[in-house]
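Coordinates as given in protein17.txt (compact mmCIF, C-alpha atoms):
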```txt
# COMPACT_ATOMS: atom_id res chain seq x y z
CA MET A 28 -31.77 -160.65 -116.12
CA ARG A 29 -32.29 -164.24 -114.92
CA LEU A 30 -31.37 -164.81 -111.30
CA HIS A 31 -28.64 -167.26 -110.38
CA GLU A 32 -30.09 -170.62 -109.29
CA SER A 33 -29.07 -170.22 -105.63
CA LEU A 34 -30.52 -166.68 -105.57
CA GLN A 35 -33.80 -167.89 -107.08
CA GLN A 36 -33.96 -170.67 -104.47
CA TRP A 37 -33.43 -168.10 -101.70
CA LEU A 38 -36.11 -165.85 -103.20
CA ASP A 39 -38.65 -168.68 -103.48
CA THR A 40 -38.09 -169.63 -99.84
CA ALA A 41 -38.47 -166.05 -98.63
CA ALA A 42 -41.59 -165.35 -100.71
CA GLY A 43 -43.08 -168.67 -99.61
CA GLN A 44 -43.34 -167.36 -96.04
CA MET A 45 -45.90 -164.76 -97.18
CA ARG A 46 -49.50 -165.80 -96.57
CA TRP A 47 -51.01 -163.10 -98.78
CA LYS A 48 -50.63 -164.66 -102.22
CA ARG A 49 -51.61 -161.49 -104.09
CA ALA A 50 -48.66 -159.63 -102.57
CA ARG A 51 -46.04 -162.32 -103.29
CA PRO A 52 -45.18 -161.28 -106.88
CA VAL A 53 -44.82 -157.60 -105.91
CA ALA A 54 -42.66 -158.31 -102.87
CA ALA A 55 -40.62 -160.91 -104.77
CA LYS A 56 -39.87 -158.40 -107.55
CA GLU A 57 -38.66 -155.87 -105.00
CA LEU A 58 -36.36 -158.49 -103.43
CA ALA A 59 -35.15 -159.71 -106.83
CA ASP A 60 -34.21 -156.17 -107.91
CA HIS A 61 -32.22 -155.71 -104.72
CA MET A 62 -30.44 -159.05 -105.15
CA GLU A 63 -29.62 -158.33 -108.78
CA ASP A 64 -27.98 -155.04 -107.82
CA GLN A 65 -25.95 -156.70 -105.05
CA TYR A 66 -24.99 -159.64 -107.28
CA ALA A 67 -23.88 -157.29 -110.09
CA ALA A 68 -21.78 -155.28 -107.62
CA PHE A 69 -19.95 -158.42 -106.49
CA LEU A 70 -19.30 -159.41 -110.11
CA GLU A 71 -17.86 -155.97 -110.82
CA ASP A 72 -15.50 -156.49 -107.88
CA GLY A 73 -14.04 -159.48 -109.74
CA MET A 74 -15.84 -162.35 -108.01
CA GLU A 75 -16.79 -165.53 -109.85
CA GLU A 76 -20.50 -166.15 -110.37
CA GLU A 77 -20.78 -168.83 -107.66
CA ALA A 78 -18.86 -166.71 -105.16
CA ALA A 79 -20.92 -163.61 -106.01
CA ALA A 80 -24.15 -165.58 -105.53
CA ALA A 81 -22.99 -166.97 -102.20
CA ALA A 82 -21.95 -163.51 -101.01
CA THR A 83 -25.33 -162.10 -102.07
CA VAL A 84 -27.16 -164.80 -100.11
CA ARG A 85 -25.10 -164.00 -97.03
CA GLU A 86 -25.90 -160.31 -97.40
CA MET A 87 -29.63 -161.06 -97.69
CA GLY A 88 -29.66 -163.11 -94.49
CA ASP A 89 -31.86 -166.04 -93.52
CA PRO A 90 -34.70 -166.45 -96.10
CA VAL A 91 -37.25 -167.68 -93.56
CA GLU A 92 -36.61 -164.78 -91.21
CA THR A 93 -36.69 -162.29 -94.09
CA GLY A 94 -39.89 -163.86 -95.44
CA THR A 95 -41.52 -163.63 -92.01
CA ARG A 96 -40.76 -159.90 -91.87
CA LEU A 97 -42.16 -159.56 -95.39
CA ASP A 98 -45.29 -161.37 -94.29
CA ARG A 99 -45.83 -158.77 -91.59
CA ALA A 100 -45.03 -155.86 -93.91
CA TRP A 101 -47.14 -157.03 -96.84
CA ARG A 102 -50.23 -158.18 -94.97
CA PRO A 103 -53.57 -156.64 -96.03
CA GLN A 104 -54.69 -153.61 -94.07
CA PRO A 105 -58.49 -153.67 -93.85
CA ASP A 106 -60.29 -150.61 -92.56
CA TRP A 107 -62.31 -152.22 -89.77
CA VAL A 108 -63.92 -148.90 -88.87
CA MET A 109 -65.29 -148.45 -92.40
CA LEU A 110 -66.41 -152.07 -92.64
CA GLY A 111 -68.19 -151.87 -89.28
CA LEU A 112 -69.78 -148.54 -90.21
CA VAL A 113 -71.25 -150.01 -93.39
CA LEU A 114 -72.71 -153.04 -91.61
CA VAL A 115 -74.13 -150.97 -88.75
CA ILE A 116 -75.76 -148.36 -91.02
CA ALA A 117 -77.33 -151.12 -93.14
CA ALA A 118 -78.69 -152.78 -89.99
CA VAL A 119 -80.10 -149.45 -88.78
CA GLY A 120 -81.72 -149.00 -92.18
CA CYS A 121 -83.52 -152.33 -91.87
CA VAL A 122 -84.78 -151.39 -88.39
CA LEU A 123 -86.00 -148.00 -89.61
CA GLN A 124 -87.81 -149.56 -92.55
CA TYR A 125 -89.58 -151.96 -90.22
CA LEU A 126 -90.53 -149.28 -87.67
CA LEU A 127 -91.72 -146.79 -90.29
CA ARG A 128 -93.46 -149.24 -92.58
CA THR A 129 -97.00 -148.46 -93.65
CA ASN A 130 -97.14 -151.59 -95.77
CA SER A 131 -97.94 -154.60 -93.59
CA ASP A 132 -96.42 -156.94 -96.21
CA LEU A 133 -92.93 -155.72 -95.30
CA MET A 134 -91.95 -158.40 -92.77
CA TRP A 135 -88.88 -158.49 -90.53
CA TYR A 136 -87.59 -161.69 -92.12
CA THR A 137 -87.75 -160.06 -95.56
CA LEU A 138 -85.53 -157.23 -94.34
CA LEU A 139 -83.22 -159.69 -92.62
CA GLY A 140 -82.91 -161.61 -95.90
CA HIS A 141 -82.04 -158.41 -97.76
CA TYR A 142 -79.42 -157.61 -95.14
CA ALA A 143 -77.86 -161.08 -95.33
CA VAL A 144 -77.63 -161.03 -99.12
CA GLY A 145 -76.24 -157.49 -99.02
CA ALA A 146 -73.57 -158.55 -96.54
CA VAL A 147 -72.59 -161.40 -98.86
CA CYS A 148 -72.26 -158.91 -101.74
CA LEU A 149 -70.11 -156.65 -99.53
CA LEU A 150 -67.73 -159.45 -98.55
CA ALA A 151 -67.61 -160.92 -102.05
CA ALA A 152 -66.59 -157.57 -103.56
CA TYR A 153 -64.16 -157.02 -100.69
CA PHE A 154 -62.21 -160.19 -101.46
CA VAL A 155 -62.40 -159.95 -105.27
CA ASP A 156 -59.39 -158.29 -106.92
CA TYR A 157 -60.55 -154.80 -107.95
CA THR A 158 -57.78 -154.66 -110.60
CA LEU A 159 -60.00 -156.88 -112.76
CA LEU A 160 -61.58 -153.58 -113.81
CA GLY A 161 -58.29 -152.65 -115.44
CA ARG A 162 -56.93 -156.02 -116.57
CA HIS A 163 -60.16 -157.58 -117.89
CA LEU A 164 -62.36 -154.55 -118.47
CA TRP A 165 -64.02 -155.80 -121.66
CA ILE A 166 -65.07 -159.08 -120.04
CA VAL A 167 -66.44 -157.20 -117.04
CA LEU A 168 -68.34 -154.84 -119.36
CA GLY A 169 -69.86 -157.80 -121.19
CA VAL A 170 -71.03 -159.40 -117.95
CA TRP A 171 -72.37 -156.06 -116.76
CA PHE A 172 -74.32 -155.47 -119.97
CA ALA A 173 -75.86 -158.94 -119.71
CA ALA A 174 -76.82 -158.24 -116.07
CA VAL A 175 -78.54 -154.98 -117.07
CA LEU A 176 -80.59 -156.68 -119.77
CA LEU A 177 -81.39 -159.62 -117.52
CA GLY A 178 -82.49 -157.28 -114.77
CA HIS A 179 -84.76 -155.46 -117.22
CA ARG A 180 -86.32 -158.74 -118.35
CA ILE A 181 -86.95 -159.76 -114.74
CA HIS A 182 -88.53 -156.35 -114.18
CA ALA A 183 -90.80 -156.77 -117.21
CA PHE A 184 -91.80 -160.31 -116.21
CA TRP A 185 -92.80 -159.31 -112.69
CA LEU A 186 -94.70 -156.28 -113.94
CA GLU A 187 -97.03 -158.65 -115.78
CA THR A 188 -97.98 -160.12 -112.41
CA ASP A 189 -98.32 -156.68 -110.75
CA VAL A 190 -95.27 -157.22 -108.53
CA LEU A 191 -92.55 -154.61 -109.02
CA VAL A 192 -89.09 -156.18 -108.81
CA SER A 193 -86.56 -154.18 -110.83
CA THR A 194 -82.89 -155.09 -110.83
CA GLY A 195 -81.95 -153.29 -114.05
CA THR A 196 -81.79 -149.85 -112.42
CA PRO A 197 -79.46 -150.81 -109.53
CA VAL A 198 -77.13 -152.58 -111.95
CA LEU A 199 -77.00 -149.48 -114.15
CA TRP A 200 -75.86 -147.46 -111.16
CA THR A 201 -72.70 -149.56 -111.01
CA PHE A 202 -71.56 -148.15 -114.36
CA PRO A 203 -69.50 -145.29 -112.83
CA LEU A 204 -67.34 -148.02 -111.30
CA LEU A 205 -66.74 -149.50 -114.76
CA LEU A 206 -66.09 -146.00 -116.09
CA ALA A 207 -63.22 -145.77 -113.60
CA GLY A 208 -61.74 -148.89 -115.21
CA LEU A 209 -62.20 -147.41 -118.69
CA ILE A 210 -60.53 -144.15 -117.64
CA TYR A 211 -57.62 -146.21 -116.35
CA ARG A 212 -57.35 -147.99 -119.71
CA MET A 213 -57.44 -144.62 -121.51
CA ARG A 214 -54.84 -142.98 -119.25
CA GLY A 215 -52.27 -140.85 -121.03
CA LYS A 216 -54.27 -140.73 -124.29
CA GLY A 217 -55.25 -137.09 -124.02
CA LEU A 218 -58.35 -135.81 -125.81
CA GLU A 219 -58.84 -139.15 -127.58
CA GLY A 220 -59.05 -140.92 -124.23
CA VAL A 221 -61.62 -138.45 -122.90
CA ALA A 222 -63.68 -138.80 -126.10
CA ASN A 223 -63.68 -142.61 -125.85
CA CYS A 224 -64.87 -142.44 -122.23
CA LEU A 225 -67.54 -139.90 -123.19
CA MET A 226 -68.86 -142.19 -125.95
CA ALA A 227 -69.22 -145.01 -123.42
CA VAL A 228 -71.11 -142.68 -121.06
CA VAL A 229 -73.47 -141.58 -123.83
CA ALA A 230 -74.09 -145.19 -124.89
CA VAL A 231 -75.08 -146.19 -121.36
CA ALA A 232 -77.24 -143.08 -120.99
CA LEU A 233 -79.11 -144.06 -124.15
CA LEU A 234 -79.52 -147.56 -122.73
CA ALA A 235 -81.01 -146.01 -119.61
CA ARG A 236 -83.14 -143.57 -121.60
CA PHE A 237 -84.89 -146.12 -123.81
CA GLY A 238 -86.78 -148.42 -121.55
CA ILE A 239 -84.27 -149.80 -119.04
CA MET A 240 -85.07 -147.30 -116.29
CA GLU A 241 -86.94 -144.06 -115.66
CA VAL A 242 -86.14 -141.05 -117.86
CA ALA A 243 -84.57 -138.98 -115.08
CA TYR A 244 -82.02 -141.63 -114.16
CA ASP A 245 -80.07 -141.11 -117.36
CA ARG A 246 -79.54 -137.50 -116.30
CA ALA A 247 -78.40 -138.44 -112.80
CA LEU A 248 -76.11 -141.10 -114.23
CA LEU A 249 -74.73 -138.68 -116.83
CA ALA A 250 -73.98 -136.02 -114.24
CA THR A 251 -72.23 -138.52 -111.95
CA CYS A 252 -70.09 -139.85 -114.79
CA GLY A 253 -69.31 -136.31 -115.91
CA VAL A 254 -68.02 -135.42 -112.44
CA ILE A 255 -65.80 -138.52 -112.42
CA LEU A 256 -64.43 -137.62 -115.86
CA LEU A 257 -63.77 -134.04 -114.78
CA ILE A 258 -61.87 -135.18 -111.70
CA ALA A 259 -59.77 -137.56 -113.81
CA VAL A 260 -58.94 -134.78 -116.30
CA TRP A 261 -58.14 -132.32 -113.51
CA HIS A 262 -55.69 -134.76 -111.92
CA GLY A 263 -53.93 -135.43 -115.22
CA VAL A 264 -54.98 -139.04 -115.72
CA PHE A 265 -55.29 -138.48 -119.47
CA GLY A 266 -52.08 -136.49 -119.62
CA PRO A 267 -51.40 -132.76 -119.15
CA ARG A 268 -54.63 -130.94 -118.33
CA ARG A 269 -56.10 -129.13 -121.34
CA ALA A 270 -59.13 -126.85 -121.72
CA GLY A 271 -60.52 -129.08 -124.49
CA GLN A 272 -60.43 -132.12 -122.22
CA MET A 273 -62.21 -130.21 -119.45
CA ALA A 274 -64.90 -128.97 -121.83
CA LEU A 275 -65.52 -132.44 -123.24
CA ALA A 276 -65.71 -134.03 -119.80
CA ALA A 277 -68.18 -131.35 -118.64
CA LEU A 278 -70.68 -132.06 -121.45
CA PRO A 279 -72.65 -134.74 -119.53
CA ILE A 280 -73.04 -132.39 -116.56
CA GLY A 281 -74.21 -129.53 -118.76
CA TYR A 282 -76.77 -131.74 -120.51
CA ALA A 283 -78.11 -133.11 -117.22
CA VAL A 284 -78.48 -129.64 -115.70
CA LEU A 285 -80.17 -128.24 -118.81
CA ARG A 286 -82.66 -131.12 -118.96
CA GLN A 287 -83.46 -130.74 -115.28
CA ILE A 288 -84.10 -127.02 -115.68
CA MET A 289 -86.39 -127.68 -118.63
CA ASP A 290 -88.33 -130.29 -116.68
CA ALA A 291 -88.63 -127.95 -113.71
CA VAL A 292 -90.18 -125.32 -115.96
CA PHE A 293 -92.49 -127.70 -117.83
CA TYR A 294 -92.87 -130.36 -115.15
CA ALA A 295 -96.64 -130.47 -114.97
CA HIS A 296 -96.87 -131.15 -118.70
CA LEU A 297 -94.32 -133.96 -118.66
CA LEU A 298 -95.63 -136.14 -115.85
CA PRO A 299 -98.27 -138.83 -116.32
CA ASP A 300 -101.42 -138.33 -114.24
CA ALA A 301 -100.29 -140.78 -111.55
CA ASP A 302 -96.92 -139.06 -111.15
CA GLN A 303 -98.61 -135.63 -111.10
CA TYR A 304 -100.69 -136.79 -108.17
CA GLN A 305 -97.70 -138.22 -106.30
CA TYR A 306 -95.63 -135.10 -106.82
CA SER A 307 -98.49 -132.87 -105.71
CA ALA A 308 -99.09 -135.06 -102.68
CA MET A 309 -95.44 -134.99 -101.66
CA THR A 310 -95.34 -131.22 -102.17
CA TYR A 311 -98.37 -130.89 -99.91
CA LEU A 312 -96.77 -133.06 -97.23
CA ILE A 313 -93.44 -131.30 -97.28
CA ARG A 314 -94.59 -127.70 -97.53
CA HIS A 315 -97.78 -127.91 -95.50
CA ARG A 316 -96.92 -130.39 -92.78
CA LEU A 317 -93.16 -129.84 -92.46
CA TYR A 318 -92.81 -126.15 -93.30
CA GLY A 319 -96.25 -125.02 -92.12
CA THR A 320 -97.02 -123.26 -95.41
CA GLU A 321 -100.65 -123.10 -96.48
CA ILE A 322 -101.00 -124.27 -100.09
CA PRO A 323 -104.43 -124.64 -101.71
CA PHE A 324 -104.98 -128.03 -103.31
CA ASP A 325 -108.05 -129.67 -104.68
CA GLY A 326 -110.02 -131.93 -102.39
CA GLU A 327 -108.31 -135.14 -103.53
CA ILE A 328 -104.79 -133.89 -102.84
CA ALA A 329 -105.58 -132.02 -99.64
CA ALA A 330 -106.31 -135.16 -97.68
CA ARG A 331 -104.85 -135.85 -94.27
CA PRO A 332 -101.04 -136.34 -94.47
CA GLY A 333 -101.34 -139.85 -93.08
CA GLU A 334 -103.67 -140.85 -95.90
CA ILE A 335 -101.29 -139.42 -98.50
CA LEU A 336 -98.39 -141.36 -97.03
CA ALA A 337 -100.42 -144.55 -97.03
CA GLN A 338 -101.24 -144.05 -100.70
CA LEU A 339 -97.61 -143.36 -101.61
CA ALA A 340 -96.12 -146.17 -99.53
CA ASP A 341 -97.04 -148.89 -101.99
CA THR A 342 -94.99 -147.40 -104.82
CA THR A 343 -92.10 -145.42 -103.39
CA ASP A 344 -89.81 -144.91 -100.42
CA HIS A 345 -89.85 -141.70 -98.37
CA LEU A 346 -87.99 -142.78 -95.28
CA LEU A 347 -86.88 -139.30 -94.25
CA THR A 348 -90.36 -137.84 -94.66
CA LEU A 349 -91.82 -140.64 -92.55
CA ALA A 350 -89.13 -140.19 -89.90
CA GLN A 351 -89.77 -136.44 -89.70
CA LEU A 352 -93.52 -136.80 -89.43
CA ARG A 353 -93.23 -139.39 -86.67
CA TRP A 354 -90.18 -138.27 -84.70
CA GLY A 355 -89.26 -134.77 -85.89
CA TRP A 356 -86.28 -133.13 -87.60
CA LEU A 357 -83.82 -134.41 -85.02
CA ALA A 358 -84.52 -137.94 -86.25
CA VAL A 359 -83.78 -136.88 -89.84
CA PHE A 360 -80.41 -135.45 -88.81
CA ALA A 361 -79.67 -138.59 -86.79
CA VAL A 362 -80.35 -140.73 -89.87
CA LEU A 363 -78.19 -138.59 -92.16
CA LEU A 364 -75.22 -138.11 -89.84
CA PRO A 365 -73.84 -141.69 -90.19
CA LEU A 366 -74.07 -141.36 -93.98
CA LEU A 367 -72.10 -138.12 -93.88
CA ILE A 368 -69.46 -139.82 -91.74
CA LEU A 369 -69.39 -142.73 -94.19
CA PHE A 370 -68.90 -140.44 -97.20
CA GLY A 371 -66.28 -138.40 -95.40
CA ARG A 372 -64.27 -141.48 -94.50
CA GLY A 373 -64.75 -142.82 -98.02
CA LEU A 374 -63.29 -139.64 -99.53
CA LEU A 375 -60.41 -139.84 -97.05
CA LEU A 376 -59.66 -143.41 -98.14
CA ALA A 377 -59.95 -142.43 -101.81
CA GLY A 378 -57.52 -139.57 -101.43
CA ARG A 379 -54.93 -141.81 -99.75
CA GLN A 380 -54.73 -144.30 -102.61
CA SER A 381 -51.31 -144.41 -104.26
CA GLY A 382 -52.39 -146.70 -107.11
CA GLN A 383 -54.10 -144.88 -109.97
CA LEU A 384 -56.81 -147.50 -110.54
CA ALA A 385 -57.51 -147.72 -106.79
CA TRP A 386 -57.75 -143.92 -106.70
CA LEU A 387 -60.23 -143.85 -109.61
CA VAL A 388 -62.33 -146.74 -108.30
CA SER A 389 -62.58 -145.26 -104.80
CA HIS A 390 -63.69 -141.86 -106.05
CA ALA A 391 -66.21 -143.44 -108.43
CA VAL A 392 -67.87 -145.36 -105.58
CA VAL A 393 -68.07 -142.39 -103.20
CA LEU A 394 -69.37 -140.01 -105.88
CA THR A 395 -72.01 -142.49 -107.06
CA LEU A 396 -73.46 -143.00 -103.59
CA ALA A 397 -73.25 -139.27 -102.84
CA ALA A 398 -75.19 -138.50 -106.04
CA GLN A 399 -77.91 -140.98 -105.07
CA THR A 400 -78.15 -139.43 -101.62
CA LEU A 401 -78.43 -135.91 -103.05
CA ILE A 402 -81.25 -136.89 -105.42
CA TYR A 403 -83.06 -138.71 -102.61
CA LEU A 404 -82.86 -135.62 -100.38
CA LEU A 405 -84.12 -133.32 -103.13
CA VAL A 406 -87.14 -135.57 -103.62
CA ASP A 407 -87.91 -135.89 -99.92
CA LEU A 408 -87.65 -132.11 -99.53
CA GLY A 409 -90.17 -131.66 -102.34
CA LEU A 410 -87.70 -129.79 -104.56
CA ILE A 411 -87.86 -132.18 -107.51
CA GLY A 412 -90.49 -134.61 -108.67
CA ASN A 413 -91.25 -137.91 -107.03
CA ALA A 414 -90.61 -139.78 -110.29
CA PHE A 415 -86.91 -138.91 -110.02
CA THR A 416 -86.18 -140.60 -106.72
CA THR A 417 -83.28 -142.96 -106.07
CA GLY A 418 -82.58 -144.96 -102.96
CA LEU A 419 -80.88 -143.67 -99.83
CA PRO A 420 -77.66 -145.72 -99.57
CA LEU A 421 -77.85 -148.52 -96.97
CA LEU A 422 -81.06 -147.13 -95.49
CA SER A 423 -83.96 -147.24 -97.92
CA TYR A 424 -86.07 -150.18 -98.95
CA GLY A 425 -85.15 -152.58 -101.77
CA GLY A 426 -83.13 -155.78 -101.78
CA ALA A 427 -81.58 -155.15 -105.20
CA TYR A 428 -80.67 -151.59 -104.25
CA LEU A 429 -79.07 -152.67 -100.97
CA CYS A 430 -77.03 -155.30 -102.83
CA GLN A 431 -75.85 -152.67 -105.33
CA THR A 432 -74.79 -150.34 -102.52
CA MET A 433 -73.01 -153.09 -100.58
CA LEU A 434 -71.26 -154.25 -103.74
CA LEU A 435 -69.94 -150.76 -104.46
CA LEU A 436 -68.75 -150.31 -100.88
CA GLY A 437 -67.09 -153.72 -101.00
CA VAL A 438 -65.09 -152.62 -104.05
CA LEU A 439 -64.12 -149.41 -102.22
CA LEU A 440 -62.85 -151.46 -99.27
CA SER A 441 -61.04 -153.83 -101.63
CA ALA A 442 -59.22 -150.89 -103.21
CA GLN A 443 -58.33 -149.59 -99.76
CA ARG A 444 -57.09 -153.02 -98.68
CA CYS A 445 -54.95 -153.77 -101.72
CA GLY A 446 -54.34 -150.40 -103.39
CA ALA A 447 -50.75 -150.19 -102.17
CA LEU A 448 -49.87 -153.30 -104.20
CA GLU A 449 -50.74 -151.46 -107.39
CA ALA A 450 -48.04 -148.88 -106.65
CA GLY A 451 -45.56 -151.57 -105.59
CA ALA A 452 -45.38 -150.41 -101.97
CA PRO A 453 -46.07 -152.54 -98.90
CA PRO A 454 -49.22 -151.67 -96.92
CA VAL A 455 -46.95 -151.41 -93.83
CA GLN A 456 -43.49 -149.88 -94.16
CA ALA A 457 -40.65 -152.05 -92.97
CA SER A 458 -39.60 -149.31 -90.56
CA ASP A 459 -42.98 -149.63 -88.85
CA ILE A 460 -42.34 -153.28 -87.99
CA GLY A 461 -40.27 -154.05 -84.97
CA GLY A 462 -37.38 -156.46 -85.18
```
Let's see the structure in the file written out as structure tokens.
Amino acid sequence: MRLHESLQQWLDTAAGQMRWKRARPVAAKELADHMEDQYAAFLEDGMEEEAAAAATVREMGDPVETGTRLDRAWRPQPDWVMLGLVLVIAAVGCVLQYLLRTNSDLMWYTLLGHYAVGAVCLLAAYFVDYTLLGRHLWIVLGVWFAAVLLGHRIHAFWLETDVLVSTGTPVLWTFPLLLAGLIYRMRGKGLEGVANCLMAVVAVALLARFGIMEVAYDRALLATCGVILLIAVWHGVFGPRRAGQMALAALPIGYAVLRQIMDAVFYAHLLPDADQYQYSAMTYLIRHRLYGTEIPFDGEIAARPGEILAQLADTTDHLLTLAQLRWGWLAVFAVLLPLLILFGRGLLLAGRQSGQLAWLVSHAVVLTLAAQTLIYLLVDLGLIGNAFTTGLPLLSYGGAYLCQTMLLLGVLLSAQRCGALEAGAPPVQASDIGG
């Protein structure tokens, strides 16, 4: 139903008072529905159109005053605690990397540059509309695929000059976020929707498996995506929950677990010589130095722990191991506690989302970073091989990895800031605003 001209003029004036442009269409629709109902009621009472419109305008009140109240009700609600927590943890990570460095080439201005670029990624993702993942998913997927291949080519180019700069792996770890958008597009499609999402997961795992990043990452990525799919099925995103949907969504997790068990059994036969040495060295450090267990190694491996760390520092990041050796277990717990608080608050924000896409996106971000943290801990505790390591979110070395983490957290904060718009509800209820 087209609004009467005077009603449309009133609506435009009221909506024009709102400074948050993204919220204007949602708030304007809510006002328009209310005016249409009031206008129709006056017409049913026998009023002429002009008289009904004038009466409706009187009922609605002054448009500027109403628009000002709307501006207060529909303003964005950033989580300053979460934003500050992210920036502080990232800053602490840079300080720790500098204090614990065994590589003299890691300079303070390099870390500061990583932090600055990461902060830009955080703010850029924060202000970008996260609903692009639902509205323009195929374009986003195309850009993402190009970024993965470009990152791999950069990696290959720098390898030729003996400088390891890989951006393909961090970009691949943003796929669970895109999977959230795909799940949203497949909502209500039942088993077919789950199957389509599973095919996308398998395709990306194959991309990871054949040359884009290390072999174990496809398993970690598969398991993370499988958990996201399972959560979506459990909460009825694809329609009524069915056993077939649950079984299909669980396939990536089952495959990842099975492959990990097989590698644990046959690990020594699967690793190249260099990785065998690194894994043995880390096992020696963890079990001998940290746990006090005597383990016989050959003369090359059973060097002083400091020498082992110096040899490993050029190729990998073991921040927690370094922190424990220098400052003790209390330092390890102090490093991990802020991350646990971050994940806990992230899950709290995810659970509060009323919009389905915001809900999916938020859970995808938190689960991705939690999976990376779990793998990192398992490596630093010597429970799985050194070749399988990921970064420790916001804390471990790597400019590309820090940017990936900040980007994901920026999207999480964007969903928290604007998620209420998706459900058509104001971030602040009118009853919470005085006047």
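We find atom CA of Ile368 of chain A and atom CA of Tyr157 of chain A to be spaced 23.8 Å apart.
Distances here use all atoms listed in the file; by that measure, the residue among A:Asp60, A:Ala397, A:Leu357, A:Ala276 closest to Leu369 of chain A is A:Ala397.
Interatomic distance, atom CA of Gly208 of chain A against atom CA of Thr395 of chain A: 14.6 Å.
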Q: May I have the residues within 9 Å of Phe370 of chain A as a ChimeraX atom specification, using only C-alpha atoms and disregarding those fewer than 2 positions away in the same chain?
A: /A:365-368,372-375,393-394,396-397
Atoms kept (C-alpha atoms) for selection, written as an mmCIF file, in the coordinates of the input:
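Contents of result14.cif, freshly written:
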```cif
data_model
loop_
_atom_site.group_PDB
_atom_site.id
_atom_site.type_symbol
_atom_site.label_atom_id
_atom_site.label_comp_id
_atom_site.auth_asym_id
_atom_site.auth_seq_id
_atom_site.Cartn_x
_atom_site.Cartn_y
_atom_site.Cartn_z
ATOM 1 C CA PRO A 365 -73.840 -141.690 -90.190
ATOM 2 C CA LEU A 366 -74.070 -141.360 -93.980
ATOM 3 C CA LEU A 367 -72.100 -138.120 -93.880
ATOM 4 C CA ILE A 368 -69.460 -139.820 -91.740
ATOM 5 C CA ARG A 372 -64.270 -141.480 -94.500
ATOM 6 C CA GLY A 373 -64.750 -142.820 -98.020
ATOM 7 C CA LEU A 374 -63.290 -139.640 -99.530
ATOM 8 C CA LEU A 375 -60.410 -139.840 -97.050
ATOM 9 C CA VAL A 393 -68.070 -142.390 -103.200
ATOM 10 C CA LEU A 394 -69.370 -140.010 -105.880
ATOM 11 C CA LEU A 396 -73.460 -143.000 -103.590
ATOM 12 C CA ALA A 397 -73.250 -139.270 -102.840
#
```
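Taking atom CA of Trp107 of chain A and atom CA of Lys48 of chain A as the two end points, the separation is 21.1 Å.
Minimum atom-to-atom distance to Thr251 of chain A, evaluated using all atoms listed in the file, belongs to A:Pro279 out of A:Gly73, A:Gly418, A:Gly88, A:Pro279.
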**Q.** Shell around Cys252 of chain A at 12 Å using all atoms listed in the file, local window under 6 positions removed, as a ChimeraX atom specification
**A.** /A:199-207,209-210,221,224-229,231-232,245-246,258-259,276-283,387,390-392,394-395,398
